[in-house]
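The structure file run39.tsv is reproduced below (TSV, C-alpha atoms).
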```tsv
chain	number	residue	atom	x	y	z
A	955	MET	CA	67.30	60.13	-128.52
A	956	ARG	CA	68.49	56.53	-127.92
A	957	GLY	CA	65.88	54.44	-126.14
A	958	GLN	CA	63.12	56.94	-126.84
A	959	PRO	CA	59.64	55.38	-127.13
A	960	GLN	CA	58.64	54.77	-130.74
A	961	ILE	CA	55.39	56.29	-131.95
A	962	ASP	CA	53.38	55.06	-134.94
A	963	ARG	CA	52.88	58.46	-136.55
A	964	ASP	CA	51.24	57.02	-139.66
A	965	GLY	CA	48.73	55.33	-137.39
A	966	TRP	CA	48.08	58.61	-135.61
A	967	ARG	CA	47.54	60.40	-138.94
A	968	ARG	CA	44.86	57.85	-139.80
A	969	ARG	CA	43.22	58.12	-136.37
A	970	LEU	CA	43.09	61.90	-136.47
A	971	THR	CA	41.82	61.99	-140.05
A	972	GLU	CA	39.13	59.44	-139.25
A	973	ALA	CA	38.14	61.58	-136.26
A	974	GLY	CA	37.38	64.46	-138.64
A	975	ILE	CA	40.61	66.46	-138.54
A	976	GLU	CA	41.64	67.96	-141.89
A	977	ARG	CA	44.43	65.89	-143.49
A	978	THR	CA	47.18	68.53	-143.41
A	979	LEU	CA	46.43	69.41	-139.80
A	980	ALA	CA	46.21	65.72	-138.86
A	981	SER	CA	49.66	65.16	-140.36
A	982	ALA	CA	51.13	68.08	-138.42
A	983	LEU	CA	49.52	66.90	-135.16
A	984	ALA	CA	50.76	63.34	-135.67
A	985	GLU	CA	54.32	64.67	-135.71
A	986	LEU	CA	53.68	66.24	-132.30
A	987	VAL	CA	52.30	63.16	-130.53
A	988	ARG	CA	54.36	62.49	-127.41
A	989	PRO	CA	54.74	59.52	-125.09
A	990	SER	CA	53.43	60.04	-121.58
A	991	ILE	CA	53.20	58.08	-118.37
A	992	ALA	CA	49.73	58.09	-116.83
A	993	LEU	CA	49.98	57.88	-113.04
A	994	LEU	CA	46.92	55.90	-112.01
A	995	PRO	CA	45.81	56.20	-108.36
A	996	GLY	CA	45.12	53.13	-106.29
A	997	ALA	CA	43.24	53.02	-103.01
A	998	ALA	CA	44.48	55.29	-100.25
A	999	ALA	CA	46.72	53.35	-97.87
A	1000	ALA	CA	48.68	53.88	-94.69
A	1001	ASP	CA	52.27	54.97	-95.28
A	1002	SER	CA	53.42	52.07	-93.13
A	1003	ALA	CA	51.98	49.70	-95.75
A	1004	LEU	CA	53.92	51.33	-98.61
A	1005	ALA	CA	57.52	50.49	-99.44
A	1006	VAL	CA	60.18	53.18	-99.27
A	1007	GLY	CA	60.75	54.65	-102.73
A	1008	ILE	CA	57.28	53.79	-104.04
A	1009	THR	CA	55.54	55.98	-106.61
A	1010	LYS	CA	52.80	57.80	-104.72
A	1011	LEU	CA	50.91	60.95	-103.87
A	1012	GLY	CA	50.99	62.49	-100.42
A	1013	GLY	CA	51.81	60.92	-97.11
A	1014	SER	CA	55.39	61.27	-95.90
A	1015	PRO	CA	58.19	61.62	-98.45
A	1016	ASP	CA	61.24	59.40	-98.77
A	1017	LEU	CA	64.35	61.54	-98.38
A	1018	PRO	CA	68.06	60.96	-97.78
A	1019	ALA	CA	69.13	61.04	-94.15
A	1020	GLY	CA	70.13	64.52	-93.13
A	1021	MET	CA	68.49	66.31	-96.05
A	1022	PRO	CA	66.61	69.39	-94.78
A	1023	TRP	CA	62.87	69.50	-95.38
A	1024	PRO	CA	62.19	71.86	-98.33
A	1025	VAL	CA	60.98	75.25	-97.17
A	1026	ARG	CA	59.35	78.23	-98.81
A	1027	ARG	CA	61.24	81.44	-98.21
A	1028	PRO	CA	59.26	84.70	-97.85
A	1029	TYR	CA	57.57	85.75	-101.07
A	1030	ARG	CA	58.95	88.76	-102.92
A	1031	LEU	CA	56.04	89.28	-105.28
A	1032	VAL	CA	55.88	91.86	-108.06
A	1033	VAL	CA	52.20	92.43	-107.16
A	1034	PRO	CA	51.27	91.50	-103.54
A	1035	ARG	CA	48.20	89.28	-103.12
A	1036	GLY	CA	46.32	87.34	-100.47
A	1037	ASN	CA	47.06	87.40	-96.74
A	1038	ARG	CA	50.43	89.11	-96.78
A	1039	LYS	CA	51.55	88.27	-93.22
A	1040	PRO	CA	52.00	84.47	-93.61
A	1041	MET	CA	53.47	85.00	-97.08
A	1042	GLN	CA	56.29	87.00	-95.49
A	1043	GLN	CA	57.19	84.12	-93.17
A	1044	GLU	CA	59.29	81.08	-93.99
A	1045	ARG	CA	57.10	77.97	-94.14
A	1046	PRO	CA	57.72	74.28	-94.88
A	1047	LEU	CA	56.47	73.19	-98.31
A	1048	ALA	CA	53.86	70.43	-98.56
A	1049	PHE	CA	54.87	67.10	-100.05
A	1050	LEU	CA	52.70	66.23	-103.05
A	1051	ALA	CA	54.27	63.40	-105.01
A	1052	GLN	CA	57.24	61.16	-105.66
A	1053	ILE	CA	57.82	59.08	-108.79
A	1054	ALA	CA	60.17	56.12	-108.88
A	1055	MET	CA	61.79	56.67	-112.25
A	1056	SER	CA	62.33	52.92	-112.61
A	1057	ASP	CA	58.53	52.56	-112.74
A	1058	ALA	CA	58.36	54.98	-115.67
A	1059	THR	CA	61.30	53.27	-117.40
A	1060	ALA	CA	59.68	49.84	-116.98
A	1061	VAL	CA	56.64	50.86	-119.07
A	1062	GLY	CA	58.62	52.62	-121.80
A	1063	GLY	CA	59.57	55.98	-120.30
A	1064	THR	CA	59.13	59.40	-121.90
A	1065	ASP	CA	61.02	61.39	-124.54
A	1066	LEU	CA	62.21	63.94	-121.98
A	1067	GLY	CA	65.65	62.61	-121.16
A	1068	LEU	CA	64.70	62.21	-117.52
A	1069	PRO	CA	66.86	59.92	-115.36
A	1070	LYS	CA	65.90	56.24	-115.60
A	1071	TRP	CA	66.45	55.61	-111.90
A	1072	GLY	CA	66.13	57.46	-108.62
A	1073	LEU	CA	63.17	59.33	-107.21
A	1074	LEU	CA	61.57	62.49	-108.60
A	1075	SER	CA	59.92	64.38	-105.73
A	1076	PHE	CA	57.73	67.48	-105.78
A	1077	PHE	CA	56.92	69.90	-102.95
A	1078	TYR	CA	54.51	72.84	-103.18
A	1079	ASP	CA	53.11	75.69	-101.11
A	1080	ALA	CA	49.65	74.17	-100.68
A	1081	GLU	CA	48.72	76.91	-98.21
A	1082	SER	CA	49.10	79.88	-100.58
A	1083	GLN	CA	48.75	77.86	-103.83
A	1084	PRO	CA	50.84	80.16	-106.06
A	1085	TRP	CA	49.49	80.42	-109.61
A	1086	GLY	CA	52.87	80.89	-111.25
A	1087	PHE	CA	52.23	84.18	-113.05
A	1088	ASP	CA	54.46	86.22	-110.72
A	1089	PRO	CA	58.27	85.79	-110.81
A	1090	GLY	CA	58.15	85.86	-107.01
A	1091	ASP	CA	56.22	82.57	-107.03
A	1092	ALA	CA	59.55	80.77	-107.58
A	1093	VAL	CA	59.91	80.13	-103.84
A	1094	GLY	CA	56.56	78.26	-103.73
A	1095	PHE	CA	57.61	74.93	-105.25
A	1096	LYS	CA	60.55	72.54	-105.41
A	1097	LEU	CA	61.27	69.64	-107.75
A	1098	MET	CA	64.09	67.29	-106.74
A	1099	TRP	CA	65.74	64.24	-108.24
A	1100	LEU	CA	67.18	61.91	-105.64
A	1101	GLY	CA	69.59	59.64	-107.47
A	1102	ASP	CA	71.57	56.84	-105.83
A	1103	ARG	CA	71.19	58.11	-102.28
A	1104	ILE	CA	69.75	55.86	-99.57
A	1105	LEU	CA	66.25	56.98	-98.65
A	1106	GLN	CA	64.20	56.82	-95.51
A	1107	ARG	CA	60.64	57.88	-94.75
A	1108	ARG	CA	60.52	61.34	-93.22
A	1109	GLU	CA	57.74	62.63	-91.00
A	1110	PRO	CA	56.61	66.18	-91.91
A	1111	PRO	CA	57.61	69.00	-89.56
A	1112	GLU	CA	55.04	70.02	-86.96
A	1113	ALA	CA	54.77	73.45	-88.57
A	1114	LEU	CA	53.35	71.95	-91.76
A	1115	ALA	CA	49.55	72.14	-91.70
A	1116	GLN	CA	48.93	70.88	-95.24
A	1117	ARG	CA	49.35	67.10	-95.16
A	1118	PHE	CA	47.81	64.78	-97.70
A	1119	ASN	CA	46.73	61.16	-97.79
A	1120	PRO	CA	49.19	58.62	-99.17
A	1121	VAL	CA	47.92	57.17	-102.46
A	1122	PRO	CA	50.03	54.66	-104.43
A	1123	LEU	CA	50.31	55.29	-108.17
A	1124	ALA	CA	50.68	52.78	-111.01
A	1125	ALA	CA	52.58	53.81	-114.14
A	1126	GLN	CA	50.92	53.18	-117.51
A	1127	ALA	CA	52.37	54.09	-120.92
A	1128	ARG	CA	50.22	56.46	-122.96
A	1129	GLU	CA	50.52	58.63	-126.06
A	1130	CYS	CA	48.87	62.02	-126.28
A	1131	VAL	CA	48.08	64.75	-128.80
A	1132	PRO	CA	48.79	68.39	-127.88
A	1133	ALA	CA	45.77	70.35	-126.72
A	1134	VAL	CA	44.52	73.37	-128.64
A	1135	ASP	CA	45.91	75.66	-125.94
A	1136	THR	CA	49.57	74.76	-126.41
A	1137	PHE	CA	52.37	76.74	-127.99
A	1138	ALA	CA	52.97	74.07	-130.65
A	1139	VAL	CA	49.34	73.95	-131.85
A	1140	ALA	CA	49.12	77.73	-131.87
A	1141	GLN	CA	52.04	77.75	-134.32
A	1142	ILE	CA	50.30	75.19	-136.55
A	1143	LEU	CA	46.99	77.04	-136.56
A	1144	THR	CA	48.60	80.30	-137.69
A	1145	SER	CA	49.29	78.63	-141.06
A	1146	ALA	CA	46.02	76.69	-141.34
A	1147	ALA	CA	43.82	77.64	-144.29
A	1148	ASP	CA	40.78	78.02	-142.03
A	1149	ALA	CA	42.22	78.44	-138.54
A	1150	LYS	CA	38.86	79.06	-136.86
A	1151	SER	CA	37.31	75.90	-138.28
A	1152	ALA	CA	40.43	73.85	-137.54
A	1153	ARG	CA	40.48	75.10	-133.96
A	1154	GLY	CA	36.82	74.19	-133.54
A	1155	HIS	CA	37.38	70.65	-134.79
A	1156	LEU	CA	40.31	70.21	-132.42
A	1157	ILE	CA	38.33	71.47	-129.45
A	1158	ASP	CA	35.50	69.06	-130.26
A	1159	LEU	CA	37.98	66.19	-130.51
A	1160	LEU	CA	40.21	66.93	-127.52
A	1161	ALA	CA	37.51	68.13	-125.12
A	1162	GLY	CA	34.69	65.82	-126.20
A	1163	GLU	CA	33.61	62.35	-125.15
A	1164	GLY	CA	36.63	60.71	-126.74
A	1165	LYS	CA	39.19	63.00	-125.12
A	1166	ASP	CA	40.71	60.18	-123.06
A	1167	ASP	CA	41.77	58.51	-126.32
A	1168	PHE	CA	43.83	61.54	-127.30
A	1169	SER	CA	44.95	63.30	-124.11
A	1170	ASN	CA	46.01	62.61	-120.53
A	1171	ALA	CA	43.65	64.47	-118.21
A	1172	GLY	CA	44.74	63.00	-114.87
A	1173	HIS	CA	48.07	62.69	-113.07
A	1174	ALA	CA	50.86	62.30	-115.61
A	1175	LEU	CA	54.60	62.33	-116.15
A	1176	GLY	CA	55.65	63.95	-119.42
A	1177	GLY	CA	53.62	64.20	-122.59
A	1178	TRP	CA	51.33	67.17	-123.24
A	1179	PRO	CA	49.32	69.03	-120.61
A	1180	CYS	CA	45.56	69.06	-120.37
A	1181	PRO	CA	45.16	72.86	-119.97
A	1182	ILE	CA	42.20	74.50	-118.26
A	1183	GLN	CA	42.88	78.20	-118.72
A	1184	GLY	CA	45.09	78.40	-121.78
A	1185	GLU	CA	48.60	77.94	-123.12
A	1186	MET	CA	51.38	77.76	-120.53
A	1187	GLU	CA	54.68	77.49	-122.40
A	1188	THR	CA	54.81	81.22	-123.13
A	1189	GLU	CA	53.89	82.04	-119.54
A	1190	CYS	CA	56.69	79.80	-118.24
A	1191	GLN	CA	59.19	81.44	-120.57
A	1192	LEU	CA	58.21	84.96	-119.60
A	1193	VAL	CA	57.78	84.55	-115.85
A	1194	ALA	CA	60.94	82.48	-115.46
A	1195	ASN	CA	62.73	85.42	-117.11
A	1196	GLY	CA	61.25	87.93	-114.66
A	1197	VAL	CA	58.16	89.13	-116.57
A	1198	PHE	CA	54.96	89.50	-114.52
A	1199	CYS	CA	52.12	87.75	-116.38
A	1200	GLY	CA	49.18	88.51	-114.12
A	1201	GLY	CA	47.76	90.83	-116.79
A	1202	PRO	CA	47.84	91.28	-120.57
A	1203	GLU	CA	50.64	93.85	-120.42
A	1204	GLY	CA	53.22	91.20	-119.59
A	1205	PHE	CA	52.45	89.26	-122.75
A	1206	SER	CA	52.41	92.28	-125.07
A	1207	SER	CA	55.65	94.03	-124.12
A	1208	GLU	CA	58.67	94.30	-126.41
A	1209	ARG	CA	60.65	92.13	-124.02
A	1210	ALA	CA	57.95	89.47	-124.20
A	1211	ALA	CA	58.24	89.49	-128.00
A	1212	ARG	CA	61.98	88.89	-127.76
A	1213	LEU	CA	61.56	86.08	-125.23
A	1214	ARG	CA	58.56	84.35	-126.83
A	1215	PRO	CA	60.47	82.03	-129.26
A	1216	GLY	CA	62.02	80.34	-126.22
A	1217	ALA	CA	58.58	79.05	-125.24
A	1218	ALA	CA	59.21	76.11	-127.56
A	1219	ASP	CA	61.88	74.84	-125.14
A	1220	TRP	CA	59.45	74.27	-122.28
A	1221	ARG	CA	58.18	70.73	-121.61
A	1222	LEU	CA	55.65	69.38	-119.18
A	1223	ILE	CA	57.34	67.26	-116.51
A	1224	LEU	CA	54.49	66.54	-114.12
A	1225	GLN	CA	50.74	67.13	-114.09
A	1226	LEU	CA	48.86	66.68	-110.80
A	1227	ASP	CA	45.08	66.74	-110.89
A	1228	THR	CA	42.64	67.56	-108.09
A	1229	ASP	CA	42.28	64.28	-106.19
A	1230	LYS	CA	39.78	63.40	-103.45
A	1231	ARG	CA	41.79	60.32	-102.47
A	1232	ALA	CA	44.81	62.46	-101.66
A	1233	GLY	CA	42.57	65.07	-100.05
A	1234	TRP	CA	43.55	68.06	-102.17
A	1235	MET	CA	41.90	70.48	-104.54
A	1236	TRP	CA	43.79	73.04	-106.61
A	1237	GLY	CA	41.74	76.20	-106.86
A	1238	ASP	CA	38.30	75.13	-108.07
A	1239	GLY	CA	38.90	71.59	-109.29
A	1240	GLY	CA	42.11	72.49	-111.09
A	1241	LYS	CA	45.53	71.04	-111.83
A	1242	ILE	CA	49.17	71.77	-111.06
A	1243	TYR	CA	51.62	71.68	-113.97
A	1244	VAL	CA	55.39	71.43	-113.46
A	1245	TRP	CA	57.50	72.54	-116.44
A	1246	MET	CA	61.18	72.60	-117.41
A	1247	ARG	CA	63.23	73.65	-120.41
A	1248	GLU	CA	64.49	70.67	-122.39
A	1249	GLN	CA	68.09	71.78	-121.91
A	1250	ASP	CA	67.59	71.98	-118.14
A	1251	VAL	CA	66.15	68.45	-118.10
A	1252	ARG	CA	69.24	67.15	-119.88
A	1253	ALA	CA	71.46	69.01	-117.42
A	1254	ARG	CA	69.33	67.74	-114.50
A	1255	ARG	CA	68.75	71.28	-113.30
A	1256	PHE	CA	65.49	70.47	-111.56
A	1257	ASP	CA	65.91	73.64	-109.52
A	1258	ARG	CA	64.99	75.55	-112.68
A	1259	CYS	CA	61.48	74.14	-112.98
A	1260	TRP	CA	58.45	76.39	-113.14
A	1261	THR	CA	55.00	75.55	-111.75
A	1262	ILE	CA	51.59	76.82	-112.86
A	1263	LEU	CA	48.18	76.25	-111.29
A	1264	GLN	CA	45.06	76.44	-113.46
A	1265	CYS	CA	41.47	75.81	-112.44
A	1266	TYR	CA	37.88	76.22	-113.62
```
Encoding of this model in structure tokens:
Amino acid sequence: MRGQPQIDRDGWRRRLTEAGIERTLASALAELVRPSIALLPGAAAADSALAVGITKLGGSPDLPAGMPWPVRRPYRLVVPRGNRKPMQQERPLAFLAQIAMSDATAVGGTDLGLPKWGLLSFFYDAESQPWGFDPGDAVGFKLMWLGDRILQRREPPEALAQRFNPVPLAAQARECVPAVDTFAVAQILTSAADAKSARGHLIDLLAGEGKDDFSNAGHALGGWPCPIQGEMETECQLVANGVFCGGPEGFSSERAARLRPGAADWRLILQLDTDKRAGWMWGDGGKIYVWMREQDVRARRFDRCWTILQCY
């Protein structure tokens, strides 16, 4: 892709080999290293002190005049859960984050083919906190790209109880190695001579003291996720195609087998960590992961994103 950040893959092979990864595996992992934009939180600030269109968490979003506030329609879940009454009512979604794409472009961008300008905004049902394993969870999140439209700060509707502190974010270019619990690494390990040993070495490397040198554990745009509860690409592929993945049966069906190769198309767009500054916690200290198929990113079909919550 023209303008794509350049990665020193030979340098990564050396780094991974020196860190104790077997040479063949290190070579395969180096080919999978991706550019990422770390979104580094500053001090919480009043929205009035932040410019319109700034990259930030929480507060009030910047939206075009006349655009309706994103709402969550009633859930139509395959398997009902939680307090069913509020889930059957339409509710406004909570505003979580907006990223000025020019900030990401200024530090090198990603390899996703995302727009280089405009604002990427994410809204989520912070009341119910959908996990993303039920096809009916699709109403619980919304990713929008606001291109050349004039923006203005919008106060949340009175009906929205979940409001978060505004926290400015600074963009910083990073490179990251895929975690053990990713679709790509799973494919590599199936052909490793000693898969169990290779997996152990990777876990020690990517979850140990030096993990920040190889992964992006905080808020991030693009790159690889930092999973908590396992691989997500397959789950995205299945659930987005109507397969309930709240139990093992969804992953082991014949339809799942036919759909599984498409998991390779799914890419992490946005990772949002639990953050005390913003005043939110996802599950028990978890993260929210927003995913899209590569072809949908190129087509700017942000309405086709899928969101997963994982926690400890």
* Asked: Which one is closest to Pro1120 (chain A): A:Lys1010, A:Arg1108, A:His1155, A:Arg1255? Count only C-alpha atoms.
  ->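 Ranking A:Lys1010, A:Arg1108, A:His1155, A:Arg1255 by distance to Pro1120 (chain A), first place goes to A:Lys1010.
Residues within 10 Å of Leu1050 (chain A), counting all atoms listed in the file and excluding same-chain residues fewer than 4 positions away, are Lys1010, Leu1011, Gly1012, Gly1013, Ser1014, Pro1015, Ser1075, Phe1076, Phe1077, Tyr1078, Asp1079, Ala1080, Gln1116, Arg1117, Phe1118, Asn1119, Pro1120, Leu1226, Ala1232 and Trp1234 of chain A.
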* To do: Counting all atoms listed in the file, figure out which residue out of A:Ile1242, A:Val1131, A:Ala1253, A:Leu1159 gets nearest to Phe1095 (chain A).
  =>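 Of A:Ile1242, A:Val1131, A:Ala1253, A:Leu1159, the one nearest Phe1095 (chain A), counting all atoms listed in the file, is A:Ile1242.
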* Asked: From the list A:Ala1127, A:Ala998, A:Leu1224, A:Leu1263, which residue is nearest Gly1063 (chain A) when using all atoms listed in the file?
  ->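 Using all atoms listed in the file, Gly1063 (chain A) sits closest to A:Ala1127.
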* Asked: Can you find the residues with an atom no farther than 8 Å from (51.8, 69.9, -129.8), counting all atoms listed in the file, and report them as a ChimeraX atom specification?
  -> /A:983,986-987,1131-1133,1136-1139,1178
* Counting all atoms listed in the file, which residues come within 10 Å of (54.4, 89.7, -108.3), with the point read in the file's coordinates, and could you list them as a ChimeraX atom specification? -> /A:1029-1035,1086-1091,1193,1196-1200
* **Nearby residues (all atoms listed in the file) at most 12 Å from Leu1097 (chain A), same-chain spacing under 2 positions excluded, as a PyMOL selection string** => chain A and resi 1024-1025+1047-1053+1073-1078+1092-1095+1099-1100+1223-1224+1243-1246+1251+1254-1261
* Asked: What separation in Å, quoted to one decimal, exists between CA of Lys1241 (chain A) and CA of Thr1228 (chain A)?
  ->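 The value is 5.9 Å.
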* CA of Leu1175 (chain A) to CA of Gly974 (chain A), straight-line distance in Å -> 28.4 Å
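Between CA of Gly1239 (chain A) and CA of Arg1128 (chain A) the separation is 23.3 Å.
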* Counting all atoms listed in the file, which of A:Ala982, A:Ile991, A:Ile1104, A:Cys1265 gets nearest to Glu1129 (chain A)? ->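 Among A:Ala982, A:Ile991, A:Ile1104, A:Cys1265, it is A:Ile991 that comes nearest to Glu1129 (chain A).
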* Looking at A:Gly1177, A:Pro1202, A:Pro1215, A:Pro1111, which one is nearest to Arg988 (chain A), with distances taken over all atoms listed in the file? ->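 For Arg988 (chain A), the nearest of the candidates is A:Gly1177.
Nearest to Gln1042 (chain A) of all the residues A:Leu979, A:Arg1026, A:Asp1057, A:Phe1205 is A:Arg1026, counting all atoms listed in the file.
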For all heavy atoms, please extract region 1104-1114 of chain A from the block and return it as a short mmCIF file (atom, residue, chain, number, x, y, z; two decimals), in the first residue's frame.
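To be explicit, this is the file written out as selection-v2.cif:
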```
data_model
loop_
_atom_site.label_atom_id
_atom_site.label_comp_id
_atom_site.auth_asym_id
_atom_site.auth_seq_id
_atom_site.Cartn_x
_atom_site.Cartn_y
_atom_site.Cartn_z
N ILE A 1104 -18.30 19.99 8.91
CA ILE A 1104 -18.01 20.93 9.99
C ILE A 1104 -18.56 20.37 11.30
O ILE A 1104 -19.72 19.94 11.38
CB ILE A 1104 -18.62 22.31 9.69
CG1 ILE A 1104 -17.99 22.89 8.42
CG2 ILE A 1104 -18.41 23.26 10.87
CD1 ILE A 1104 -18.63 24.18 7.96
N LEU A 1105 -17.73 20.39 12.32
CA LEU A 1105 -18.09 19.77 13.60
C LEU A 1105 -18.36 20.81 14.67
O LEU A 1105 -17.81 21.92 14.64
CB LEU A 1105 -16.96 18.84 14.07
CG LEU A 1105 -16.52 17.74 13.10
CD1 LEU A 1105 -15.32 17.00 13.68
CD2 LEU A 1105 -17.66 16.78 12.81
N GLN A 1106 -19.19 20.42 15.62
CA GLN A 1106 -19.41 21.25 16.79
C GLN A 1106 -19.60 20.35 18.00
O GLN A 1106 -20.05 19.22 17.87
CB GLN A 1106 -20.63 22.15 16.60
CG GLN A 1106 -21.93 21.41 16.36
CD GLN A 1106 -23.08 22.35 16.06
OE1 GLN A 1106 -22.90 23.42 15.50
NE2 GLN A 1106 -24.29 21.94 16.46
N ARG A 1107 -19.21 20.84 19.16
CA ARG A 1107 -19.32 20.03 20.37
C ARG A 1107 -20.79 19.82 20.71
O ARG A 1107 -21.59 20.75 20.66
CB ARG A 1107 -18.58 20.70 21.52
CG ARG A 1107 -18.43 19.80 22.74
CD ARG A 1107 -17.03 19.87 23.30
NE ARG A 1107 -16.02 19.44 22.38
CZ ARG A 1107 -14.74 19.79 22.49
NH1 ARG A 1107 -14.34 20.58 23.47
NH2 ARG A 1107 -13.85 19.36 21.61
N ARG A 1108 -21.13 18.57 21.05
CA ARG A 1108 -22.52 18.23 21.31
C ARG A 1108 -22.69 17.73 22.74
O ARG A 1108 -22.02 16.77 23.15
CB ARG A 1108 -22.95 17.12 20.33
CG ARG A 1108 -24.38 16.65 20.51
CD ARG A 1108 -25.38 17.57 19.86
NE ARG A 1108 -25.09 17.64 18.42
CZ ARG A 1108 -25.54 16.74 17.53
NH1 ARG A 1108 -26.30 15.73 17.94
NH2 ARG A 1108 -25.24 16.86 16.26
N GLU A 1109 -23.57 18.34 23.47
CA GLU A 1109 -23.86 17.87 24.82
C GLU A 1109 -24.64 16.56 24.76
O GLU A 1109 -25.52 16.40 23.91
CB GLU A 1109 -24.67 18.92 25.59
CG GLU A 1109 -23.86 20.12 26.03
CD GLU A 1109 -22.73 19.74 26.97
OE1 GLU A 1109 -22.97 18.95 27.91
OE2 GLU A 1109 -21.59 20.19 26.74
N PRO A 1110 -24.34 15.60 25.63
CA PRO A 1110 -25.08 14.33 25.63
C PRO A 1110 -26.55 14.54 25.98
O PRO A 1110 -26.90 15.48 26.69
CB PRO A 1110 -24.37 13.50 26.71
CG PRO A 1110 -23.04 14.15 26.90
CD PRO A 1110 -23.25 15.60 26.62
N PRO A 1111 -27.41 13.68 25.49
CA PRO A 1111 -28.84 13.77 25.86
C PRO A 1111 -29.03 13.49 27.34
O PRO A 1111 -28.26 12.76 27.96
CB PRO A 1111 -29.49 12.70 24.99
CG PRO A 1111 -28.39 11.76 24.63
CD PRO A 1111 -27.14 12.56 24.57
N GLU A 1112 -30.08 14.08 27.92
CA GLU A 1112 -30.35 13.91 29.34
C GLU A 1112 -30.54 12.44 29.72
O GLU A 1112 -30.24 12.03 30.84
CB GLU A 1112 -31.58 14.72 29.74
CG GLU A 1112 -31.37 16.22 29.69
CD GLU A 1112 -32.58 16.99 30.18
OE1 GLU A 1112 -33.53 16.33 30.67
OE2 GLU A 1112 -32.59 18.23 30.09
N ALA A 1113 -31.04 11.65 28.77
CA ALA A 1113 -31.32 10.24 29.06
C ALA A 1113 -30.06 9.40 29.19
O ALA A 1113 -30.14 8.24 29.63
CB ALA A 1113 -32.22 9.65 27.97
N LEU A 1114 -28.92 9.96 28.84
CA LEU A 1114 -27.67 9.18 28.90
C LEU A 1114 -27.06 9.29 30.29
O LEU A 1114 -26.61 10.36 30.70
CB LEU A 1114 -26.68 9.68 27.85
CG LEU A 1114 -25.33 8.95 27.81
CD1 LEU A 1114 -25.51 7.48 27.45
CD2 LEU A 1114 -24.38 9.63 26.83
#
```
